[in-house]
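To keep things clear, I will list the structure first and then write my remarks on it.
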Protein chains: 2
Amino acid sequence: MRKIEVCLSPELIHLYDQRDKIVVVVDIFRATSTMITALANGVKSITPVADLETCRNYTSQGYLIAGERNGLPAEGFKLGNSPLSYLNQVHKNQKIAVTTTNGTLAIDKSRNGSAEVLIGAFLNLQATADYLSLKNNDLIIHCAGWKGRFNLEDSLYAGALVSVLSQSHTFDCDGALAMKVLYESVQHDLGSFLHQASHAKRLQNHNIEEDIDFCLTLDKYDIIGKLVGDELKAEKVYKAKPSL
Amino acid sequence: MRKIEVCLSPELIHLYDQRDKIVVVVDIFRATSTMITALANGVKSITPVADLETCRNYTSQGYLIAGERNGLPAEGFKLGNSPLSYLNQVHKNQKIAVTTTNGTLAIDKSRNGSAEVLIGAFLNLQATADYLSLKNNDLIIHCAGWKGRFNLEDSLYAGALVSVLSQSHTFDCDGALAMKVLYESVQHDLGSFLHQASHAKRLQNHNIEEDIDFCLTLDKYDIIGKLVGDELKAEKVYKAKPSL
């Protein structure tokens, strides 16, 4: 049976053997939620970039650039890190270069020998689970955290994904077990619980309550986000039909 | 109000400012449980030592030496890492030097500017909470984990201590919140839940089921374990009487 491990911070990912595994990177507030929203709304590709300067240089190649630091839009960037700014296909067919505080670093650290890198969000939880259940690879869920520290929203997403995959996958990883049990004990009221998260409080101070609620919407989109070369692209998931 | 933070691995402790804080190190299976048992059974002092060789050298100074690697007693060491080997005051008044896979490293990393370093266990949960509630310092609970990775038993101890201290302390730390909620959701059946932990399974393979049950006993001892210089010593806690 395929195995799941959960890595609670990019500062711990070197302790995991990523070879031949699918790594799902998650940064719920808001990098990966925003990326999934953009891809589901027709954005052609998203290039995650480590620093602001490199990201800025992409404008000369016709990219839109999106930058965020410490929860706020970076100076001189057209787009920040709000999923709402990608709705209604307003940036359809455009290429975007993105840099964020935690998410882009976690994506970069997930390439180390892994078979595939996906980005995950509550917005496409079931689609990601459907995709993973069709693959034979073991799985690492890589939480972006906050500046290296554990955070609640990414860890709860990990718990949610472990919970959804518990029929097809097994785990012998304390992080997976802890987050599955935590998720299942709060899932009936995930929104209220996650409003206590330190980063949600940080975002509330920036008046982006709407973003938080949006990022916690379950299964709004049926695509997955997958790294192809240096670009994240949408892929439609065709769920295997149960055999008759 | 005093603050609590929870650090889920020694690989993350550099992200925490330890200055003037009390750091409680926990390695439930079994280093800190064994240390508390030893101190409660009259052992004079315990010197945590990073490596086996340094630990061996303590014999020439009249110390008993205790060594464990990967859950098994280290070769040539009189004592391994079982709390049961300290019961009935069999090593009363002796000085012990100890090295373990995870616990002694975590203790060493907790000295970085902190006001005090304690060791914690379920065995003296309430005594440690009583002591902390009498002090004015902020608190970091430092989980020893397993070779740098998150583990269930240390994290649940962290949740238990946060839960017990929730009247006197506050927290704005996702790790503290997550572990408190997880602990409160499984505390009615902590033993069964923790038998699923990866390290419990590892220990079950070594036939030390009795150790596991012992380490999960709540409030058997009323002392705390505190680092004084390079030695861990027992200290009796005098609980403040409620004012009339």
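By order in the structure tokens, chains are A, B, ...; within a chain, residues start at 1; ligands start at 1, following the order shown.
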Within 9 Å of Asp230 in chain B, counting only C-alpha atoms, which residues qualify if same-chain residues fewer than 5 places away don't, as a count of residues only?
3
Taking 2 positions as the minimum chain separation for residues in the same chain, which residues sit within 6 Å of range 62-64 of chain A when counting only C-alpha atoms? Answer as an NGL selection string.
:A and (58-60 or 95-96)
Would you save the residues from that selection as a short mmCIF file (atom, residue, chain, number, x, y, z; two decimals), in the first residue's frame, using N, CA and C atoms?
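Result written to result.cif:
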data_model
loop_
_atom_site.label_atom_id
_atom_site.label_comp_id
_atom_site.auth_asym_id
_atom_site.auth_seq_id
_atom_site.Cartn_x
_atom_site.Cartn_y
_atom_site.Cartn_z
N TYR A 58 10.85 39.21 -14.62
CA TYR A 58 9.97 38.47 -15.54
C TYR A 58 9.06 39.39 -16.35
N THR A 59 8.86 40.62 -15.89
CA THR A 59 7.97 41.54 -16.64
C THR A 59 8.48 41.75 -18.06
N SER A 60 9.80 41.77 -18.22
CA SER A 60 10.37 42.01 -19.55
C SER A 60 10.04 40.88 -20.53
N LYS A 95 0.76 34.39 -18.39
CA LYS A 95 1.77 33.71 -17.59
C LYS A 95 2.11 34.59 -16.40
N ILE A 96 2.25 33.96 -15.27
CA ILE A 96 2.49 34.72 -14.04
C ILE A 96 3.79 34.25 -13.39
#
All residues 8 Å or closer to range 33-37 of chain B, only C-alpha atoms, same chain fewer than 6 positions away omitted, as a PDB file with all heavy atoms, in the first residue's frame:
ATOM      1  N   ASP B  27      10.867  14.314  26.349  1.00  0.00           N
ATOM      2  CA  ASP B  27      11.159  13.134  25.525  1.00  0.00           C
ATOM      3  C   ASP B  27      10.501  11.959  26.250  1.00  0.00           C
ATOM      4  O   ASP B  27      11.135  11.232  27.018  1.00  0.00           O
ATOM      5  CB  ASP B  27      12.687  12.954  25.411  1.00  0.00           C
ATOM      6  CG  ASP B  27      13.072  11.801  24.486  1.00  0.00           C
ATOM      7  OD1 ASP B  27      12.167  11.133  23.931  1.00  0.00           O
ATOM      8  OD2 ASP B  27      14.276  11.548  24.332  1.00  0.00           O
ATOM      9  N   ILE B  46      21.649  14.067  37.595  1.00  0.00           N
ATOM     10  CA  ILE B  46      21.784  13.437  36.277  1.00  0.00           C
ATOM     11  C   ILE B  46      22.498  14.424  35.364  1.00  0.00           C
ATOM     12  O   ILE B  46      22.053  15.567  35.204  1.00  0.00           O
ATOM     13  CB  ILE B  46      20.401  13.100  35.684  1.00  0.00           C
ATOM     14  CG1 ILE B  46      19.672  12.090  36.586  1.00  0.00           C
ATOM     15  CG2 ILE B  46      20.548  12.549  34.268  1.00  0.00           C
ATOM     16  CD1 ILE B  46      18.225  11.880  36.202  1.00  0.00           C
ATOM     17  N   ASN B  81      17.726   2.902  29.123  1.00  0.00           N
ATOM     18  CA  ASN B  81      16.837   4.059  29.201  1.00  0.00           C
ATOM     19  C   ASN B  81      15.469   3.654  29.727  1.00  0.00           C
ATOM     20  O   ASN B  81      14.458   4.206  29.323  1.00  0.00           O
ATOM     21  CB  ASN B  81      16.729   4.705  27.808  1.00  0.00           C
ATOM     22  CG  ASN B  81      16.197   6.118  27.871  1.00  0.00           C
ATOM     23  OD1 ASN B  81      16.225   6.765  28.919  1.00  0.00           O
ATOM     24  ND2 ASN B  81      15.685   6.599  26.753  1.00  0.00           N
ATOM     25  N   SER B  82      15.444   2.679  30.629  1.00  0.00           N
ATOM     26  CA  SER B  82      14.163   2.261  31.183  1.00  0.00           C
ATOM     27  C   SER B  82      13.905   2.927  32.530  1.00  0.00           C
ATOM     28  O   SER B  82      14.739   2.844  33.440  1.00  0.00           O
ATOM     29  CB  SER B  82      14.139   0.737  31.379  1.00  0.00           C
ATOM     30  OG  SER B  82      12.984   0.392  32.125  1.00  0.00           O
ATOM     31  N   PRO B  83      12.746   3.572  32.678  1.00  0.00           N
ATOM     32  CA  PRO B  83      12.439   4.187  33.976  1.00  0.00           C
ATOM     33  C   PRO B  83      12.350   3.139  35.092  1.00  0.00           C
ATOM     34  O   PRO B  83      12.650   3.437  36.245  1.00  0.00           O
ATOM     35  CB  PRO B  83      11.075   4.857  33.743  1.00  0.00           C
ATOM     36  CG  PRO B  83      10.498   4.188  32.540  1.00  0.00           C
ATOM     37  CD  PRO B  83      11.659   3.755  31.701  1.00  0.00           C
ATOM     38  N   LEU B  84      11.978   1.907  34.718  1.00  0.00           N
ATOM     39  CA  LEU B  84      11.764   0.871  35.743  1.00  0.00           C
ATOM     40  C   LEU B  84      13.053   0.515  36.481  1.00  0.00           C
ATOM     41  O   LEU B  84      13.014   0.061  37.623  1.00  0.00           O
ATOM     42  CB  LEU B  84      11.173  -0.393  35.099  1.00  0.00           C
ATOM     43  CG  LEU B  84       9.895  -0.180  34.274  1.00  0.00           C
ATOM     44  CD1 LEU B  84       9.389  -1.509  33.735  1.00  0.00           C
ATOM     45  CD2 LEU B  84       8.814   0.519  35.092  1.00  0.00           C
ATOM     46  N   TYR B  86      15.026   2.402  37.829  1.00  0.00           N
ATOM     47  CA  TYR B  86      15.341   3.363  38.894  1.00  0.00           C
ATOM     48  C   TYR B  86      14.349   3.300  40.059  1.00  0.00           C
ATOM     49  O   TYR B  86      14.439   4.097  40.987  1.00  0.00           O
ATOM     50  CB  TYR B  86      15.345   4.790  38.331  1.00  0.00           C
ATOM     51  CG  TYR B  86      16.471   5.024  37.355  1.00  0.00           C
ATOM     52  CD1 TYR B  86      16.294   4.793  35.991  1.00  0.00           C
ATOM     53  CD2 TYR B  86      17.718   5.451  37.801  1.00  0.00           C
ATOM     54  CE1 TYR B  86      17.337   4.990  35.098  1.00  0.00           C
ATOM     55  CE2 TYR B  86      18.759   5.648  36.909  1.00  0.00           C
ATOM     56  CZ  TYR B  86      18.563   5.421  35.559  1.00  0.00           C
ATOM     57  OH  TYR B  86      19.602   5.610  34.686  1.00  0.00           O
ATOM     58  N   LEU B  87      13.400   2.387  39.957  1.00  0.00           N
ATOM     59  CA  LEU B  87      12.363   2.324  41.005  1.00  0.00           C
ATOM     60  C   LEU B  87      12.955   1.849  42.332  1.00  0.00           C
ATOM     61  O   LEU B  87      14.072   1.349  42.393  1.00  0.00           O
ATOM     62  CB  LEU B  87      11.230   1.398  40.563  1.00  0.00           C
ATOM     63  CG  LEU B  87      10.414   1.880  39.349  1.00  0.00           C
ATOM     64  CD1 LEU B  87       9.334   0.861  38.988  1.00  0.00           C
ATOM     65  CD2 LEU B  87       9.776   3.250  39.635  1.00  0.00           C
ATOM     66  N   ILE B 119      13.009  19.462  32.755  1.00  0.00           N
ATOM     67  CA  ILE B 119      12.605  18.311  31.958  1.00  0.00           C
ATOM     68  C   ILE B 119      11.198  17.930  32.407  1.00  0.00           C
ATOM     69  O   ILE B 119      10.858  18.024  33.589  1.00  0.00           O
ATOM     70  CB  ILE B 119      13.574  17.115  32.111  1.00  0.00           C
ATOM     71  CG1 ILE B 119      13.806  16.797  33.584  1.00  0.00           C
ATOM     72  CG2 ILE B 119      14.887  17.384  31.387  1.00  0.00           C
ATOM     73  CD1 ILE B 119      14.469  15.463  33.810  1.00  0.00           C
ATOM     74  N   GLY B 120      10.375  17.527  31.446  1.00  0.00           N
ATOM     75  CA  GLY B 120       8.976  17.239  31.763  1.00  0.00           C
ATOM     76  C   GLY B 120       8.593  15.832  31.357  1.00  0.00           C
ATOM     77  O   GLY B 120       9.213  15.226  30.476  1.00  0.00           O
ATOM     78  N   ALA B 121       7.573  15.309  32.033  1.00  0.00           N
ATOM     79  CA  ALA B 121       7.041  13.986  31.721  1.00  0.00           C
ATOM     80  C   ALA B 121       5.586  13.951  32.194  1.00  0.00           C
ATOM     81  O   ALA B 121       5.181  14.772  33.023  1.00  0.00           O
ATOM     82  CB  ALA B 121       7.863  12.911  32.429  1.00  0.00           C
ATOM     83  N   PHE B 122       4.804  13.025  31.643  1.00  0.00           N
ATOM     84  CA  PHE B 122       3.443  12.861  32.180  1.00  0.00           C
ATOM     85  C   PHE B 122       3.511  12.522  33.669  1.00  0.00           C
ATOM     86  O   PHE B 122       2.631  12.887  34.444  1.00  0.00           O
ATOM     87  CB  PHE B 122       2.694  11.758  31.426  1.00  0.00           C
ATOM     88  CG  PHE B 122       2.260  12.165  30.048  1.00  0.00           C
ATOM     89  CD1 PHE B 122       2.827  11.593  28.924  1.00  0.00           C
ATOM     90  CD2 PHE B 122       1.283  13.136  29.865  1.00  0.00           C
ATOM     91  CE1 PHE B 122       2.441  11.970  27.647  1.00  0.00           C
ATOM     92  CE2 PHE B 122       0.879  13.524  28.593  1.00  0.00           C
ATOM     93  CZ  PHE B 122       1.464  12.937  27.481  1.00  0.00           C
ATOM     94  N   LEU B 123       4.581  11.843  34.060  1.00  0.00           N
ATOM     95  CA  LEU B 123       4.767  11.413  35.447  1.00  0.00           C
ATOM     96  C   LEU B 123       4.768  12.573  36.444  1.00  0.00           C
ATOM     97  O   LEU B 123       4.500  12.374  37.625  1.00  0.00           O
ATOM     98  CB  LEU B 123       6.100  10.654  35.565  1.00  0.00           C
ATOM     99  CG  LEU B 123       6.163   9.293  34.853  1.00  0.00           C
ATOM    100  CD1 LEU B 123       7.609   8.880  34.617  1.00  0.00           C
ATOM    101  CD2 LEU B 123       5.411   8.241  35.665  1.00  0.00           C
ATOM    102  N   ASN B 124       5.134  13.758  35.992  1.00  0.00           N
ATOM    103  CA  ASN B 124       5.136  14.920  36.907  1.00  0.00           C
ATOM    104  C   ASN B 124       4.505  16.147  36.245  1.00  0.00           C
ATOM    105  O   ASN B 124       4.933  17.272  36.479  1.00  0.00           O
ATOM    106  CB  ASN B 124       6.556  15.213  37.408  1.00  0.00           C
ATOM    107  CG  ASN B 124       7.434  15.854  36.332  1.00  0.00           C
ATOM    108  OD1 ASN B 124       7.160  15.694  35.146  1.00  0.00           O
ATOM    109  ND2 ASN B 124       8.461  16.574  36.751  1.00  0.00           N
ATOM    110  N   CYS B 215       5.505   5.203  31.387  1.00  0.00           N
ATOM    111  CA  CYS B 215       5.766   6.583  30.930  1.00  0.00           C
ATOM    112  C   CYS B 215       4.476   7.392  30.727  1.00  0.00           C
ATOM    113  O   CYS B 215       4.514   8.622  30.686  1.00  0.00           O
ATOM    114  CB  CYS B 215       6.548   6.584  29.614  1.00  0.00           C
ATOM    115  SG  CYS B 215       8.237   5.969  29.745  1.00  0.00           S
ATOM    116  N   TYR B 221       4.639  11.508  40.349  1.00  0.00           N
ATOM    117  CA  TYR B 221       5.663  12.162  41.168  1.00  0.00           C
ATOM    118  C   TYR B 221       5.363  13.648  41.342  1.00  0.00           C
ATOM    119  O   TYR B 221       4.812  14.283  40.449  1.00  0.00           O
ATOM    120  CB  TYR B 221       7.044  11.977  40.530  1.00  0.00           C
ATOM    121  CG  TYR B 221       7.440  10.524  40.397  1.00  0.00           C
ATOM    122  CD1 TYR B 221       7.759   9.979  39.154  1.00  0.00           C
ATOM    123  CD2 TYR B 221       7.489   9.693  41.515  1.00  0.00           C
ATOM    124  CE1 TYR B 221       8.122   8.638  39.029  1.00  0.00           C
ATOM    125  CE2 TYR B 221       7.848   8.357  41.407  1.00  0.00           C
ATOM    126  CZ  TYR B 221       8.151   7.833  40.160  1.00  0.00           C
ATOM    127  OH  TYR B 221       8.501   6.517  40.046  1.00  0.00           O
ATOM    128  N   ILE B 223       7.802  15.996  42.139  1.00  0.00           N
ATOM    129  CA  ILE B 223       9.000  16.840  41.999  1.00  0.00           C
ATOM    130  C   ILE B 223       9.099  17.358  40.563  1.00  0.00           C
ATOM    131  O   ILE B 223       8.486  16.809  39.647  1.00  0.00           O
ATOM    132  CB  ILE B 223      10.292  16.040  42.275  1.00  0.00           C
ATOM    133  CG1 ILE B 223      10.319  14.760  41.397  1.00  0.00           C
ATOM    134  CG2 ILE B 223      10.413  15.680  43.741  1.00  0.00           C
ATOM    135  CD1 ILE B 223      11.519  14.573  40.560  1.00  0.00           C
ATOM    136  N   ILE B 224       9.881  18.417  40.404  1.00  0.00           N
ATOM    137  CA  ILE B 224      10.266  18.799  39.046  1.00  0.00           C
ATOM    138  C   ILE B 224      11.735  18.431  38.850  1.00  0.00           C
ATOM    139  O   ILE B 224      12.462  18.202  39.828  1.00  0.00           O
ATOM    140  CB  ILE B 224      10.078  20.306  38.773  1.00  0.00           C
ATOM    141  CG1 ILE B 224      10.934  21.148  39.743  1.00  0.00           C
ATOM    142  CG2 ILE B 224       8.622  20.695  38.851  1.00  0.00           C
ATOM    143  CD1 ILE B 224      11.302  22.494  39.182  1.00  0.00           C
ATOM    144  N   GLY B 225      12.168  18.386  37.571  1.00  0.00           N
ATOM    145  CA  GLY B 225      13.583  18.173  37.245  1.00  0.00           C
ATOM    146  C   GLY B 225      14.121  19.448  36.628  1.00  0.00           C
ATOM    147  O   GLY B 225      13.571  19.945  35.649  1.00  0.00           O
ATOM    148  N   ALA B 234      16.432  17.205  41.285  1.00  0.00           N
ATOM    149  CA  ALA B 234      15.033  17.242  41.707  1.00  0.00           C
ATOM    150  C   ALA B 234      14.788  18.493  42.537  1.00  0.00           C
ATOM    151  O   ALA B 234      15.665  18.952  43.260  1.00  0.00           O
ATOM    152  CB  ALA B 234      14.707  16.003  42.535  1.00  0.00           C
TER     153      ALA B 234
END
Chain B residues near chain A (8 Å cut-off, only C-alpha atoms) as a ChimeraX atom specification
/B:8,11-12,15,148-152,172-175,178,181-182,185,197-198
A:Arg2, A:Val49, A:Thr128, A:Gly42 ranked by distance to Ile107 in chain A, top pick (using only C-alpha atoms):
A:Val49
Here is a test: counting only C-alpha atoms, which residue of A:Asn112, A:Ser192, A:Ser45, A:Ile141 is nearest to Asp154 in chain A?
A:Ile141
Rounded to one decimal place, report the CA of Lys3 in chain B-CA of Ala144 in chain A distance in Å.
24.4 Å
DSSP on the backbone, alpha helix (DSSP H) only: what residues of range 54-204 of chain A does that give? Format it as a PyMOL selection string.
chain A and resi 54-57+103-109+125-134+152-164+174-186+190-194+198-204
Which value, in Å to one decimal, gives the distance between CA of Gln126 in chain A and CA of Gly67 in chain A?
28.0 Å
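As for CA of Ala74 in chain A and CA of Thr99 in chain A, they are spaced 9.3 Å apart.
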Using DSSP on the backbone coordinates, identify all residues within range 2-224 of chain A classified as strand (DSSP E); present the result as a ChimeraX atom specification.
/A:2-7,22-26,45-48,64-69,72-73,95-99,116-120,139-143,169-170,223-224
Would you kindly return, as a VMD selection string, each protein, DNA or RNA residue with an atom no farther than 10 Å from any atom of Gln167 in chain A, considering only C-alpha atoms and excluding same-chain residues fewer than 3 positions away?
chain A and resid 1 133 162 to 164 170
